[in-house]
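Chemist: If it helps, the file is called target.txt and holds compact mmCIF, C-alpha atoms:
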# COMPACT_ATOMS: atom_id res chain seq x y z
CA MET M 1 104.30 103.34 108.36
CA ASN M 2 102.26 102.33 111.37
CA PRO M 3 100.37 99.09 110.57
CA ARG M 4 97.12 100.58 111.85
CA ALA M 5 97.52 103.63 109.60
CA ALA M 6 98.37 101.36 106.66
CA ASP M 7 95.21 99.33 107.25
CA ALA M 8 93.15 102.53 107.43
CA LEU M 9 94.61 103.76 104.15
CA LEU M 10 93.86 100.43 102.48
CA GLY M 11 90.29 100.60 103.72
CA LEU M 12 89.91 104.16 102.45
CA GLY M 13 91.39 103.05 99.13
CA GLY M 14 88.81 100.28 98.86
CA ILE M 15 85.96 102.74 99.43
CA LEU M 16 87.36 105.15 96.82
CA ILE M 17 87.74 102.34 94.28
CA VAL M 18 84.09 101.30 94.74
CA LEU M 19 82.88 104.90 94.43
CA ALA M 20 85.05 105.46 91.35
CA GLY M 21 83.69 102.29 89.75
CA TRP M 22 80.15 103.39 90.56
CA GLU M 23 80.84 106.81 89.03
CA LEU M 24 82.23 105.29 85.82
CA VAL M 25 79.39 102.79 85.38
CA ALA M 26 76.72 105.43 86.06
CA ARG M 27 78.27 107.86 83.55
CA SER M 28 78.83 105.19 80.90
CA GLY M 29 75.19 105.21 79.88
CA VAL M 30 74.69 101.51 80.53
CA VAL M 31 72.05 102.39 83.12
CA SER M 32 69.85 105.48 83.13
CA GLN M 33 71.18 108.14 85.49
CA SER M 34 67.63 108.84 86.60
CA VAL M 35 67.60 105.53 88.48
CA PHE M 36 71.34 105.07 89.02
CA PRO M 37 72.94 108.52 89.29
CA PRO M 38 76.70 108.93 89.79
CA PRO M 39 77.56 109.33 93.49
CA ILE M 40 79.13 112.77 93.08
CA HIS M 41 76.09 114.04 91.19
CA ALA M 42 73.77 112.44 93.74
CA MET M 43 75.57 114.07 96.66
CA VAL M 44 75.63 117.51 95.03
CA ILE M 45 71.93 117.43 94.09
CA GLY M 46 70.99 115.74 97.37
CA LEU M 47 72.69 118.47 99.40
CA ARG M 48 70.83 121.11 97.41
CA LYS M 49 67.52 119.52 98.36
CA VAL M 50 68.61 118.70 101.93
CA PRO M 51 71.04 121.44 103.06
CA LEU M 52 73.81 120.53 105.49
CA PRO M 53 72.05 121.96 108.60
CA ASP M 54 68.96 119.85 107.84
CA LEU M 55 71.08 116.79 107.07
CA GLY M 56 73.01 117.28 110.30
CA GLY M 57 69.72 117.42 112.20
CA HIS M 58 68.59 114.13 110.66
CA VAL M 59 71.94 112.51 111.52
CA TRP M 60 71.78 113.75 115.12
CA ILE M 61 68.24 112.46 115.66
CA SER M 62 69.09 109.04 114.20
CA LEU M 63 72.27 108.74 116.27
CA GLN M 64 70.29 109.52 119.44
CA ARG M 65 67.77 106.80 118.64
CA ILE M 66 70.55 104.32 117.90
CA ALA M 67 72.42 105.25 121.08
CA PHE M 68 69.35 104.77 123.29
CA GLY M 69 68.25 101.53 121.63
CA PHE M 70 71.74 100.08 121.48
CA SER M 71 72.57 100.97 125.09
CA ALA M 72 69.40 99.32 126.40
CA GLY M 73 69.85 96.24 124.18
CA ALA M 74 73.52 95.83 125.03
CA LEU M 75 73.00 96.21 128.78
CA LEU M 76 70.11 93.76 128.95
CA GLY M 77 71.84 91.34 126.59
CA VAL M 78 74.99 91.23 128.72
CA VAL M 79 73.06 90.85 131.99
CA ILE M 80 70.86 87.99 130.75
CA ALA M 81 73.74 86.21 129.01
CA VAL M 82 76.06 86.42 132.03
CA ALA M 83 73.32 85.18 134.35
CA GLY M 84 72.24 82.45 131.93
CA GLY M 85 75.78 81.27 131.28
CA TRP M 86 76.71 81.20 134.97
CA TYR M 87 73.56 79.96 136.69
CA ARG M 88 72.46 76.70 135.06
CA VAL M 89 68.83 76.78 136.25
CA PHE M 90 68.32 80.30 134.95
CA GLY M 91 70.09 79.40 131.71
CA ASN M 92 67.90 76.35 131.10
CA LEU M 93 64.84 78.46 131.80
CA VAL M 94 65.76 81.36 129.51
CA ARG M 95 67.62 79.67 126.65
CA PRO M 96 64.54 78.18 124.90
CA VAL M 97 62.81 81.56 124.98
CA VAL M 98 65.88 83.24 123.49
CA GLU M 99 66.19 80.63 120.74
CA MET M 100 62.50 81.00 119.91
CA LEU M 101 62.64 84.80 119.64
CA ARG M 102 66.12 85.25 118.16
CA PRO M 103 65.26 84.31 114.53
CA ILE M 104 62.38 86.81 114.38
CA PRO M 105 63.61 89.90 112.46
CA PRO M 106 63.19 93.24 114.24
CA LEU M 107 61.02 94.46 111.36
CA ALA M 108 58.38 91.87 112.28
CA TRP M 109 58.00 93.54 115.66
CA ILE M 110 57.02 96.93 114.20
CA PRO M 111 53.23 96.34 114.46
CA MET M 112 53.57 95.22 118.07
CA ALA M 113 55.89 98.14 118.83
CA ILE M 114 53.15 100.50 117.63
CA VAL M 115 50.53 98.67 119.72
CA TRP M 116 52.69 98.67 122.85
CA PHE M 117 54.41 102.06 122.61
CA GLY M 118 52.35 104.11 120.17
CA LEU M 119 53.83 106.20 117.37
CA GLY M 120 56.34 108.14 119.46
CA GLU M 121 60.04 107.69 120.13
CA PRO M 122 59.76 104.57 122.35
CA SER M 123 58.50 102.41 119.47
CA LYS M 124 61.46 103.44 117.27
CA VAL M 125 63.96 102.86 120.06
CA PHE M 126 62.38 99.47 120.78
CA VAL M 127 62.96 98.24 117.21
CA ILE M 128 66.59 99.38 117.38
CA PHE M 129 66.88 97.76 120.82
CA LEU M 130 65.91 94.41 119.27
CA GLY M 131 68.52 94.82 116.55
CA ALA M 132 71.27 95.17 119.16
CA PHE M 133 69.97 92.88 121.90
CA PHE M 134 70.31 89.43 120.35
CA PRO M 135 73.85 89.75 118.89
CA VAL M 136 75.17 91.02 122.24
CA LEU M 137 73.32 88.32 124.17
CA THR M 138 74.42 85.51 121.82
CA ASN M 139 78.10 86.44 121.80
CA THR M 140 78.23 87.05 125.54
CA TRP M 141 76.51 83.72 126.24
CA LYS M 142 79.01 81.99 123.95
CA GLY M 143 81.86 83.55 125.90
CA MET M 144 80.38 82.54 129.24
CA SER M 145 79.91 78.96 128.00
CA ASN M 146 83.53 78.64 126.79
CA ILE M 147 85.51 79.98 129.74
CA ASP M 148 88.75 78.08 130.21
CA ALA M 149 88.21 75.76 133.17
CA THR M 150 91.84 76.37 134.18
CA LEU M 151 91.03 80.02 134.88
CA LEU M 152 88.12 79.07 137.10
CA ARG M 153 90.19 76.52 139.01
CA ALA M 154 92.96 79.07 139.46
CA GLY M 155 90.45 81.51 140.90
CA GLN M 156 89.08 78.87 143.23
CA THR M 157 92.56 78.02 144.51
CA MET M 158 92.89 81.70 145.43
CA GLY M 159 89.76 81.44 147.56
CA LEU M 160 87.27 82.88 145.08
CA SER M 161 83.80 81.42 144.75
CA GLY M 162 80.23 82.36 143.85
CA PRO M 163 79.62 85.97 142.79
CA GLU M 164 83.23 86.92 143.51
CA LEU M 165 84.52 84.26 141.08
CA LEU M 166 81.99 85.46 138.51
CA ILE M 167 82.98 89.12 138.78
CA LYS M 168 86.76 88.70 139.07
CA VAL M 169 87.35 85.77 136.71
CA ALA M 170 84.39 84.73 134.55
CA ILE M 171 83.24 88.14 133.32
CA PRO M 172 86.77 89.40 132.53
CA ALA M 173 87.44 86.18 130.60
CA THR M 174 84.30 86.86 128.56
CA LEU M 175 85.21 90.46 127.65
CA PRO M 176 86.52 89.66 124.13
CA ASP M 177 83.21 87.97 123.24
CA ILE M 178 81.26 90.84 124.79
CA ALA M 179 83.27 93.28 122.68
CA THR M 180 82.51 91.27 119.53
CA GLY M 181 78.81 91.24 120.37
CA LEU M 182 78.82 94.99 120.97
CA ARG M 183 80.30 95.72 117.55
CA ILE M 184 77.89 93.37 115.78
CA GLY M 185 74.98 94.81 117.72
CA TRP M 186 76.04 98.36 116.86
CA GLY M 187 76.11 97.52 113.16
CA LEU M 188 72.70 95.85 113.28
CA ALA M 189 71.27 98.83 115.15
CA PHE M 190 72.19 100.90 112.09
CA GLY M 191 70.76 98.15 109.89
CA VAL M 192 67.26 98.48 111.37
CA LEU M 193 67.36 102.27 111.59
CA VAL M 194 65.41 102.90 108.38
CA ALA M 195 62.72 100.40 109.39
CA ALA M 196 62.45 101.92 112.87
CA GLU M 197 62.01 105.39 111.42
CA LEU M 198 59.10 104.20 109.31
CA ILE M 199 57.00 104.52 112.45
CA ALA M 200 55.42 107.96 111.98
CA ALA M 201 58.80 109.69 112.04
CA GLU M 202 59.22 113.32 111.04
CA SER M 203 63.00 113.38 111.25
CA GLY M 204 65.99 111.07 111.00
CA LEU M 205 67.88 109.53 108.11
CA GLY M 206 65.33 106.76 107.64
CA TYR M 207 62.54 109.34 107.43
CA MET M 208 64.60 111.36 104.95
CA ILE M 209 65.10 108.34 102.70
CA MET M 210 61.48 107.21 102.76
CA HIS M 211 60.18 110.76 102.22
CA ALA M 212 62.52 111.10 99.23
CA ARG M 213 61.18 107.82 97.84
CA GLN M 214 57.66 109.19 97.92
CA LEU M 215 58.83 112.29 96.02
CA GLY M 216 60.96 110.31 93.58
CA GLU M 217 64.15 112.09 94.70
CA VAL M 218 66.69 109.36 93.95
CA GLU M 219 69.63 111.64 94.73
CA VAL M 220 68.38 112.24 98.28
CA ILE M 221 67.87 108.49 98.75
CA ILE M 222 71.47 107.81 97.70
CA LEU M 223 72.73 110.65 99.88
CA GLY M 224 70.89 109.18 102.86
CA ILE M 225 72.28 105.70 102.18
CA LEU M 226 75.83 107.02 101.90
CA VAL M 227 75.48 109.07 105.08
CA ILE M 228 74.18 106.03 107.01
CA GLY M 229 77.12 103.99 105.75
CA ALA M 230 79.62 106.73 106.62
CA ALA M 231 78.11 107.27 110.08
CA ASN M 232 78.26 103.55 110.80
CA LEU M 233 81.86 103.36 109.55
CA VAL M 234 83.05 106.24 111.71
CA THR M 235 81.16 105.28 114.86
CA ASP M 236 82.14 101.62 114.52
CA TRP M 237 85.78 102.68 114.27
CA LEU M 238 85.40 104.79 117.42
CA LEU M 239 83.68 101.92 119.22
CA ALA M 240 86.45 99.54 118.16
CA ARG M 241 89.11 101.91 119.56
CA VAL M 242 87.24 102.27 122.86
CA LEU M 243 86.83 98.51 123.19
CA ALA M 244 90.48 97.88 122.28
CA ASN M 245 91.63 100.31 124.98
CA TRP M 246 89.19 98.77 127.45
CA LEU M 247 90.44 95.25 126.79
CA GLY M 248 94.05 96.40 126.78
CA LYS M 249 93.71 98.05 130.19
CA TRP M 250 92.06 94.93 131.61
CA GLN M 251 94.85 92.70 130.23
CA ASP M 252 97.52 95.03 131.61
CA THR M 253 95.82 94.98 135.02
CA THR M 254 95.58 91.19 134.93
CA ARG M 255 99.29 90.82 134.10
CA ALA M 256 100.20 93.25 136.87
CA GLU M 257 98.20 91.25 139.41
Could you spell out this file's structure in structure tokens?

Modeler:
Amino acid sequence: MNPRAADALLGLGGILIVLAGWELVARSGVVSQSVFPPPIHAMVIGLRKVPLPDLGGHVWISLQRIAFGFSAGALLGVVIAVAGGWYRVFGNLVRPVVEMLRPIPPLAWIPMAIVWFGLGEPSKVFVIFLGAFFPVLTNTWKGMSNIDATLLRAGQTMGLSGPELLIKVAIPATLPDIATGLRIGWGLAFGVLVAAELIAAESGLGYMIMHARQLGEVEVIILGILVIGAANLVTDWLLARVLANWLGKWQDTTRAE
């Protein structure tokens, strides 16, 4: 069997084992099913209260918000990190600001997001943007700071310098760290989704979960949590495949040159 397929089957097996254990514990009577319903029961009841077309609409809205926030955060994170890691003056100027802001959780920015952007979509996207921005920036900066000096000297011996050396040698050498930052940032964008959709949302998975909490619909809450987890799992897998192909093509091109 293909090693990648074997790994996927093992991962699927792990998920099924956890769900089966959850099902057994919930049905054992140790905990009241009103607060800890079995996952199958929760999904069946949850889908009765939130039919598939409505659930699909919530998923689509949330994925759009994540895509916009993540794209903006990833792009800005890469640009600042590459510039800061390559140009020492800019790096010394920006690094203290980054280190001061990085520990602040995105949730703490919600009041300011409302003040700056109001209650519409920009405030939600901004919170998701923050969730993605710092992991991408941190990992990219790490990659830029740890480029093998031999690669840079080799580029210089070939007549490269300045921006050309940056674009043809430094940035490609940093691609694995950029890829790592992108995957971490994507996961954290999902992690702040529910908080972002607390901002006067009328749709989205976070809205669905919080609305169900107000109504005491535990099954809908669990359904929303499982859907967020599944959406993150699938999209992260797709992102990983895209990044692997991207890095593979760059490595093949480098060997050919």

Chemist: So that I can check the surroundings of region 164-175 of chain M, please list as JSON, numbers by chain every protein, DNA and RNA residue that reaches within 9 Å of it, counting only C-alpha atoms and ignoring chain neighbours fewer than 4 positions away.

Modeler: {"M": [82, 86, 140, 141, 142, 143, 144, 146, 147, 148, 151, 152, 155, 156, 159, 160, 179, 180, 247, 250]}

Chemist: List as a list in words the protein and nucleic acid residues near region 44-54 of chain M, meaning an atom at most 10 Å away when all atoms listed in the file are counted, but skip any in the same chain fewer than 3 places from it.

Modeler: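 Everything that qualifies: Pro39, Ile40, His41, Gly57, His58, Val59, Trp60, Ser203, Gly204, Met208, Ala212, Glu217, Val218, Glu219, Val220, Ile221, Ile222, Leu223 and Gly224 of chain M.
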
Chemist: Enumerate, in order of chain and increasing residue number, the residues of region 34-56 of chain M with an atom no farther than 7 Å from region 10-29 of chain M, each with its shortest atom pair and distance in Å to one decimal, counting all atoms listed in the file, as CSV.

Modeler:
residue,atom,partner,partner_atom,distance
M:Phe36,CA,M:Ala26,CA,6.2
M:Pro37,CA,M:Ala26,CA,5.9
M:Pro38,CA,M:Glu23,CA,4.7
M:Pro39,CA,M:Glu23,CA,6.1

Chemist: Take the residues just selected and output them with C-alpha atoms as a JSON list (two decimals), in the coordinates of the input.

Modeler:
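As a result, result00.json now contains:
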[["chain", "number", "residue", "atom", "x", "y", "z"],
["M", 36, "PHE", "CA", 71.34, 105.07, 89.02],
["M", 37, "PRO", "CA", 72.94, 108.52, 89.29],
["M", 38, "PRO", "CA", 76.70, 108.93, 89.79],
["M", 39, "PRO", "CA", 77.56, 109.33, 93.49]]

Chemist: With a cut-off of 7 Å, could you pull out the residues of region 43-89 of chain M touching region 127-132 of chain M and give me the nearest pair of atoms for each, distance in Å to one decimal, using all atoms listed in the file, ordered by chain and ascending number, as CSV?

Modeler:
residue,atom,partner,partner_atom,distance
M:Ile66,CA,M:Ile128,CA,6.4
M:Gly69,CA,M:Phe129,CA,4.1
M:Phe70,CA,M:Phe129,CA,5.4
M:Ala72,CA,M:Phe129,CA,6.3
M:Gly73,CA,M:Phe129,CA,4.7
M:Ala74,CA,M:Ala132,CA,6.3

Chemist: Of the candidates M:Ala231, M:Ile225, M:Ala240, M:Val192, which one gets nearest to Ala42 (chain M) if we count only C-alpha atoms?

Modeler: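 Between M:Ala231, M:Ile225, M:Ala240, M:Val192, the residue approaching Ala42 (chain M) most closely is M:Ile225.
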
Chemist: By how many Å are CA of Leu76 (chain M) and CA of Val125 (chain M) apart?

Modeler: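 These two atoms are separated by 14.1 Å.
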
Chemist: Determine the nearest neighbour of Leu75 (chain M) from the options M:Arg213, M:Val136, M:Pro176, M:Leu238, counting only C-alpha atoms.

Modeler: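 Between M:Arg213, M:Val136, M:Pro176, M:Leu238, the residue approaching Leu75 (chain M) most closely is M:Val136.
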
Chemist: May I ask which of the residues M:Val227, M:Met210, M:Ala81, M:Met112 is the closest one to Phe190 (chain M), counting all atoms listed in the file?

Modeler: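 Of M:Val227, M:Met210, M:Ala81, M:Met112, the one nearest Phe190 (chain M), counting all atoms listed in the file, is M:Val227.
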